[in-house]
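File shown: final.txt (compact mmCIF, C-alpha atoms).
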# COMPACT_ATOMS: atom_id res chain seq x y z
CA MET A 1 49.12 -2.45 13.77
CA GLN A 2 50.03 -1.13 17.21
CA LEU A 3 51.08 -3.39 20.06
CA SER A 4 49.31 -3.05 23.38
CA ALA A 5 50.94 -0.95 26.08
CA LEU A 6 50.95 -3.85 28.55
CA PRO A 7 51.62 -7.07 26.65
CA TYR A 8 50.23 -10.15 28.29
CA GLU A 9 50.95 -13.81 27.70
CA GLU A 10 50.03 -16.81 29.82
CA ARG A 11 50.26 -20.53 29.20
CA LEU A 12 47.75 -22.63 31.10
CA THR A 13 49.99 -25.60 31.79
CA ALA A 14 48.73 -28.86 33.19
CA PRO A 15 49.20 -29.32 36.95
CA ARG A 16 52.22 -31.24 38.25
CA SER A 17 50.06 -34.12 39.42
CA TRP A 18 49.17 -34.87 35.79
CA TRP A 19 52.81 -35.72 35.08
CA LEU A 20 52.73 -38.28 37.90
CA ILE A 21 49.55 -39.69 36.35
CA SER A 22 51.41 -39.93 33.03
CA LEU A 23 54.12 -42.00 34.68
CA LEU A 24 51.51 -44.19 36.38
CA SER A 25 49.83 -44.74 33.00
CA GLY A 26 53.15 -46.07 31.73
CA VAL A 27 53.47 -48.34 34.76
CA SER A 28 49.95 -49.65 34.10
CA MET A 29 50.83 -50.37 30.50
CA ALA A 30 54.01 -52.13 31.64
CA LEU A 31 52.04 -54.33 34.03
CA ILE A 32 49.58 -55.21 31.28
CA LEU A 33 52.44 -56.27 28.99
CA LEU A 34 54.47 -58.07 31.72
CA PRO A 35 53.17 -61.55 30.74
CA LEU A 36 54.67 -61.03 27.27
CA GLY A 37 58.21 -60.55 28.61
CA ILE A 38 60.68 -57.93 29.77
CA LEU A 39 61.12 -56.09 26.45
CA PRO A 40 57.38 -55.62 25.83
CA MET A 41 57.03 -54.52 29.45
CA LEU A 42 59.76 -51.87 29.07
CA GLY A 43 58.25 -50.79 25.76
CA GLY A 44 54.87 -50.42 27.45
CA LEU A 45 56.42 -48.35 30.24
CA VAL A 46 58.12 -45.99 27.82
CA CYS A 47 55.32 -45.76 25.25
CA GLY A 48 52.53 -45.54 27.82
CA SER A 49 54.29 -42.78 29.76
CA ALA A 50 55.18 -40.90 26.58
CA ALA A 51 51.64 -41.09 25.18
CA ALA A 52 50.09 -39.87 28.42
CA ALA A 53 52.69 -37.07 28.68
CA VAL A 54 51.89 -35.93 25.13
CA VAL A 55 48.18 -35.75 25.99
CA ALA A 56 48.88 -33.78 29.21
CA SER A 57 51.23 -31.43 27.38
CA ALA A 58 48.79 -30.83 24.51
CA TYR A 59 45.96 -30.04 26.90
CA GLY A 60 48.22 -27.70 28.85
CA SER A 61 49.59 -25.85 25.83
CA VAL A 62 46.72 -23.37 25.50
CA ARG A 63 47.79 -19.74 25.66
CA ILE A 64 46.10 -16.43 26.41
CA ARG A 65 47.72 -13.39 24.80
CA VAL A 66 46.96 -9.73 24.30
CA VAL A 67 48.90 -8.48 21.31
CA GLY A 68 48.35 -6.23 18.33
CA GLY A 69 44.87 -5.12 19.37
CA LEU A 70 43.68 -8.71 19.73
CA LEU A 71 42.79 -10.99 22.60
CA ILE A 72 44.05 -14.40 21.53
CA ALA A 73 42.63 -17.13 23.75
CA GLY A 74 43.33 -20.59 22.43
CA GLU A 75 41.96 -20.63 18.88
CA ALA A 76 39.82 -17.49 19.34
CA LYS A 77 41.02 -14.10 18.11
CA ILE A 78 38.84 -11.30 19.46
CA PRO A 79 39.56 -7.63 18.62
CA VAL A 80 39.87 -5.62 21.83
CA SER A 81 37.63 -2.95 20.31
CA THR A 82 34.69 -5.39 20.60
CA LEU A 83 35.26 -6.07 24.29
CA GLY A 84 33.02 -4.55 26.93
CA ALA A 85 32.89 -4.79 30.70
CA MET A 86 35.31 -7.11 32.45
CA GLU A 87 34.71 -8.96 35.69
CA VAL A 88 37.52 -10.55 37.69
CA LEU A 89 36.19 -13.79 39.19
CA ASP A 90 37.48 -15.49 42.30
CA ALA A 91 37.28 -19.29 42.66
CA GLU A 92 33.67 -19.32 43.91
CA GLU A 93 32.37 -16.90 41.27
CA ALA A 94 34.30 -18.70 38.54
CA ARG A 95 32.65 -21.99 39.56
CA ALA A 96 29.22 -20.34 39.33
CA TRP A 97 29.94 -18.92 35.85
CA ARG A 98 31.22 -22.34 34.71
CA THR A 99 28.06 -24.09 35.87
CA HIS A 100 24.60 -22.69 36.62
CA ARG A 101 25.21 -19.08 35.48
CA ALA A 102 26.84 -20.03 32.16
CA ASP A 103 25.28 -18.99 28.88
CA PRO A 104 25.48 -21.80 26.27
CA ARG A 105 26.45 -19.24 23.62
CA CYS A 106 29.52 -17.95 25.48
CA PHE A 107 33.12 -18.68 24.58
CA MET A 108 34.85 -20.63 27.34
CA LEU A 109 38.55 -21.21 27.64
CA LEU A 110 38.04 -23.42 30.64
CA ARG A 111 40.63 -25.15 32.74
CA ALA A 112 38.97 -26.39 35.94
CA TYR A 113 42.32 -26.72 37.72
CA VAL A 114 42.85 -22.93 37.41
CA PRO A 115 40.78 -21.33 40.18
CA GLY A 116 40.55 -17.74 38.92
CA ALA A 117 38.92 -16.42 35.77
CA LEU A 118 38.01 -13.30 33.84
CA ARG A 119 34.61 -12.75 32.27
CA VAL A 120 34.68 -10.28 29.37
CA ASP A 121 31.55 -9.03 27.64
CA ILE A 122 31.65 -9.09 23.84
CA THR A 123 29.83 -6.08 22.38
CA ASP A 124 30.09 -6.89 18.67
CA PRO A 125 26.51 -6.83 17.27
CA GLU A 126 27.52 -9.31 14.54
CA ASP A 127 28.77 -11.86 17.08
CA PRO A 128 26.12 -13.90 18.95
CA THR A 129 28.64 -14.68 21.71
CA PRO A 130 27.60 -12.65 24.79
CA TYR A 131 30.85 -12.99 26.71
CA ALA A 132 34.14 -14.83 26.97
CA PHE A 133 35.01 -16.82 30.10
CA LEU A 134 38.78 -17.18 30.41
CA SER A 135 40.42 -19.32 33.07
CA THR A 136 43.57 -17.49 34.13
CA ARG A 137 45.95 -17.51 37.05
CA GLU A 138 46.29 -13.69 36.88
CA PRO A 139 42.84 -12.26 36.08
CA GLU A 140 43.66 -8.75 37.35
CA ARG A 141 46.74 -8.51 35.15
CA LEU A 142 44.83 -9.78 32.11
CA ALA A 143 42.05 -7.24 32.69
CA GLU A 144 44.64 -4.46 33.02
CA ALA A 145 46.34 -5.52 29.77
CA LEU A 146 42.98 -5.63 27.96
CA ARG A 147 42.05 -2.14 29.22
CA ALA A 148 45.44 -0.80 28.10
CA ALA A 149 45.11 -2.45 24.68
CA LYS A 150 41.57 -1.10 24.30
CA ALA A 151 42.74 2.42 25.19
CA ALA A 152 45.59 2.14 22.68
CA ALA A 153 43.31 0.93 19.87

Could you quickly redo this structure as structure tokens?
Amino acid sequence: MQLSALPYEERLTAPRSWWLISLLSGVSMALILLPLGILPMLGGLVCGSAAAAVVASAYGSVRIRVVGGLLIAGEAKIPVSTLGAMEVLDAEEARAWRTHRADPRCFMLLRAYVPGALRVDITDPEDPTPYAFLSTREPERLAEALRAAKAAA
């Protein structure tokens, strides 16, 4: 198995504001438990913040990688040999492909807080998925890595 000429890896982390929301969730839990005393209140602050931070971290742990002739996007593993045309989408086009232009059969690795995206046609006749929509902060670099991996395969 040959590695792609231009390896690519990106982690779609949660925005910084979500960490503030995690802290505010802990504060809310502390206020709810305040009538029970100081220790339950502190426990609510710690546990509420920690639980919300775990949720934000899990949601933001999705990765997009191009390695070994595969496009790995979240749980999906797509051979680069089955990829067709690629379209780099700016924020406005990405919004259109997420909403009214979307095909219900497509694969979407969607993070609405990431403005850019890449739409990649899937040409495998055995796969009913017409294309993959990938939210990415660097769509041009991802497209370049996929073209290089496809040429190397």

Review point. Near Trp18 in chain A, counting only C-alpha atoms, which residues have an atom at most 9 Å away, once you skip same-chain residues fewer than 5 positions from it, shown as a list of chain:residue names?
Key: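 Using only C-alpha atoms, the neighbours found are A:Leu23, A:Ala52, A:Ala53, A:Ala56.
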
Review point. From the set A:Gly116, A:Gly26, A:Pro130, A:Pro15, which residue has the shortest atom-to-atom contact distance to Gly43 in chain A, counting all atoms listed in the file?
Key: A:Gly26

**Study point:** Cut-off 10 Å around (36.7, -1.0, 30.8) with all atoms listed in the file: residues as a VMD selection string
**Key:** chain A and resid 83 to 87 120 143 to 144 146 to 148 150 to 151

Save the residues we just selected, C-alpha atoms, as a compact mmCIF listing (two decimals), keeping the file's coordinate frame?
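Contents of part25.txt, freshly written:
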# COMPACT_ATOMS: atom_id res chain seq x y z
CA LEU A 83 35.26 -6.07 24.29
CA GLY A 84 33.02 -4.55 26.93
CA ALA A 85 32.89 -4.79 30.70
CA MET A 86 35.31 -7.11 32.45
CA GLU A 87 34.71 -8.96 35.69
CA VAL A 120 34.68 -10.28 29.37
CA ALA A 143 42.05 -7.24 32.69
CA GLU A 144 44.64 -4.46 33.02
CA LEU A 146 42.98 -5.63 27.96
CA ARG A 147 42.05 -2.14 29.22
CA ALA A 148 45.44 -0.80 28.10
CA LYS A 150 41.57 -1.10 24.30
CA ALA A 151 42.74 2.42 25.19

**Study point:** Polymer residues at most 8 Å from Pro139 in chain A, only C-alpha atoms, same-chain spacing of 5 or more positions, as a ChimeraX atom specification
**Key:** /A:88-89,116-118

Check your understanding: Rounded to one decimal in Å, what is the spacing between CA of Ala153 in chain A and CA of Lys77 in chain A?
Key ->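 Separation of CA of Ala153 in chain A and CA of Lys77 in chain A: 15.3 Å.
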
Check your understanding: Restricting the calculation to all atoms listed in the file, which member of A:Leu134, A:Pro115, A:Leu12, A:Leu36 is positioned closest to Ser57 in chain A?
Key ->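 Counting all atoms listed in the file, the residue closest to Ser57 in chain A is A:Leu12.
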
Practice item. Choose the residue, out of A:Trp97, A:Tyr131, A:Tyr8, A:Phe107, that has the smallest atom-to-atom separation from Thr82 in chain A; count all atoms listed in the file. Key: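 Counting all atoms listed in the file, the residue closest to Thr82 in chain A is A:Tyr131.
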
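Rounded to one decimal, CA of Ala149 in chain A and CA of Leu109 in chain A lie 20.1 Å from each other.
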
Exercise for review: Would you mind telling me which residue in A:Ala132, A:Asp121, A:Gly74, A:Ala145 lies nearest to Tyr59 in chain A when using all atoms listed in the file?
Suggested key: A:Gly74

Review point. Which of these, A:Ser81, A:Thr99, A:Ser28, A:Thr13, has the shortest distance to Val55 in chain A once you count all atoms listed in the file?
Key: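 When distances to Val55 in chain A are compared using all atoms listed in the file, the smallest one comes from A:Thr13.
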
**Study point:** Residue among A:Ser22, A:Leu70, A:Arg141, A:Arg63 lying closest to Arg111 in chain A, counting only C-alpha atoms
**Key:**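 Among A:Ser22, A:Leu70, A:Arg141, A:Arg63, it is A:Arg63 that comes nearest to Arg111 in chain A.
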
Check your understanding: How far is it from CA of Ala76 in chain A to CA of Tyr113 in chain A, in Å with one decimal?
Key ->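 Between these atoms lies a distance of 20.7 Å.
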
Exercise on range 142-150 of chain A, axis-aligned box with 3 Å per side, report centre and edge lengths in Å to one decimal, as lines of an AutoDock Vina configuration file:
center_x = 44.0
center_y = -5.3
center_z = 28.7
size_x = 10.8
size_y = 15.0
size_z = 14.7

Could you add N, CA, C and O atoms to range 106-127 of chain A and give me the result as a tab-separated table (two decimals), in the frame of the given file?
chain	number	residue	atom	x	y	z
A	106	CYS	N	28.27	-18.63	25.14
A	106	CYS	CA	29.52	-17.95	25.48
A	106	CYS	C	30.73	-18.75	25.00
A	106	CYS	O	30.65	-19.94	24.72
A	107	PHE	N	31.85	-18.04	24.89
A	107	PHE	CA	33.12	-18.68	24.58
A	107	PHE	C	33.81	-18.98	25.90
A	107	PHE	O	33.99	-18.09	26.73
A	108	MET	N	34.17	-20.24	26.11
A	108	MET	CA	34.85	-20.63	27.34
A	108	MET	C	36.21	-21.22	27.04
A	108	MET	O	36.31	-22.21	26.30
A	109	LEU	N	37.22	-20.60	27.60
A	109	LEU	CA	38.55	-21.21	27.64
A	109	LEU	C	38.68	-21.68	29.07
A	109	LEU	O	39.10	-20.95	29.95
A	110	LEU	N	38.25	-22.90	29.29
A	110	LEU	CA	38.04	-23.42	30.64
A	110	LEU	C	39.11	-24.43	31.00
A	110	LEU	O	39.34	-25.39	30.27
A	111	ARG	N	39.74	-24.18	32.12
A	111	ARG	CA	40.63	-25.15	32.74
A	111	ARG	C	40.21	-25.20	34.20
A	111	ARG	O	40.46	-24.28	34.97
A	112	ALA	N	39.56	-26.28	34.60
A	112	ALA	CA	38.97	-26.39	35.94
A	112	ALA	C	40.03	-26.37	37.03
A	112	ALA	O	39.73	-26.03	38.16
A	113	TYR	N	41.26	-26.73	36.72
A	113	TYR	CA	42.32	-26.72	37.72
A	113	TYR	C	42.89	-25.32	37.95
A	113	TYR	O	43.74	-25.14	38.81
A	114	VAL	N	42.44	-24.32	37.19
A	114	VAL	CA	42.85	-22.93	37.41
A	114	VAL	C	41.70	-22.24	38.14
A	114	VAL	O	40.61	-22.11	37.59
A	115	PRO	N	41.90	-21.82	39.38
A	115	PRO	CA	40.78	-21.33	40.18
A	115	PRO	C	40.20	-20.00	39.74
A	115	PRO	O	39.00	-19.79	39.78
A	116	GLY	N	41.03	-19.06	39.29
A	116	GLY	CA	40.55	-17.74	38.92
A	116	GLY	C	40.12	-17.66	37.47
A	116	GLY	O	40.43	-18.53	36.66
A	117	ALA	N	39.38	-16.60	37.15
A	117	ALA	CA	38.92	-16.42	35.77
A	117	ALA	C	38.61	-14.95	35.53
A	117	ALA	O	38.49	-14.15	36.46
A	118	LEU	N	38.43	-14.63	34.26
A	118	LEU	CA	38.01	-13.30	33.84
A	118	LEU	C	36.84	-13.49	32.89
A	118	LEU	O	36.90	-14.30	31.97
A	119	ARG	N	35.76	-12.74	33.16
A	119	ARG	CA	34.61	-12.75	32.27
A	119	ARG	C	34.60	-11.42	31.54
A	119	ARG	O	34.61	-10.36	32.15
A	120	VAL	N	34.61	-11.48	30.20
A	120	VAL	CA	34.68	-10.28	29.37
A	120	VAL	C	33.48	-10.25	28.45
A	120	VAL	O	33.27	-11.19	27.66
A	121	ASP	N	32.69	-9.19	28.54
A	121	ASP	CA	31.55	-9.03	27.64
A	121	ASP	C	32.04	-8.76	26.22
A	121	ASP	O	33.03	-8.05	26.03
A	122	ILE	N	31.35	-9.33	25.25
A	122	ILE	CA	31.65	-9.09	23.84
A	122	ILE	C	30.51	-8.25	23.28
A	122	ILE	O	29.35	-8.67	23.30
A	123	THR	N	30.84	-7.05	22.79
A	123	THR	CA	29.83	-6.08	22.38
A	123	THR	C	29.61	-6.02	20.88
A	123	THR	O	28.84	-5.19	20.41
A	124	ASP	N	30.24	-6.88	20.13
A	124	ASP	CA	30.09	-6.89	18.67
A	124	ASP	C	28.67	-7.32	18.31
A	124	ASP	O	28.25	-8.43	18.63
A	125	PRO	N	27.89	-6.46	17.61
A	125	PRO	CA	26.51	-6.83	17.27
A	125	PRO	C	26.43	-7.98	16.26
A	125	PRO	O	25.41	-8.66	16.18
A	126	GLU	N	27.49	-8.22	15.52
A	126	GLU	CA	27.52	-9.31	14.54
A	126	GLU	C	27.84	-10.66	15.19
A	126	GLU	O	27.64	-11.70	14.56
A	127	ASP	N	28.35	-10.63	16.39
A	127	ASP	CA	28.77	-11.86	17.08
A	127	ASP	C	27.71	-12.27	18.09
A	127	ASP	O	27.39	-11.50	19.00
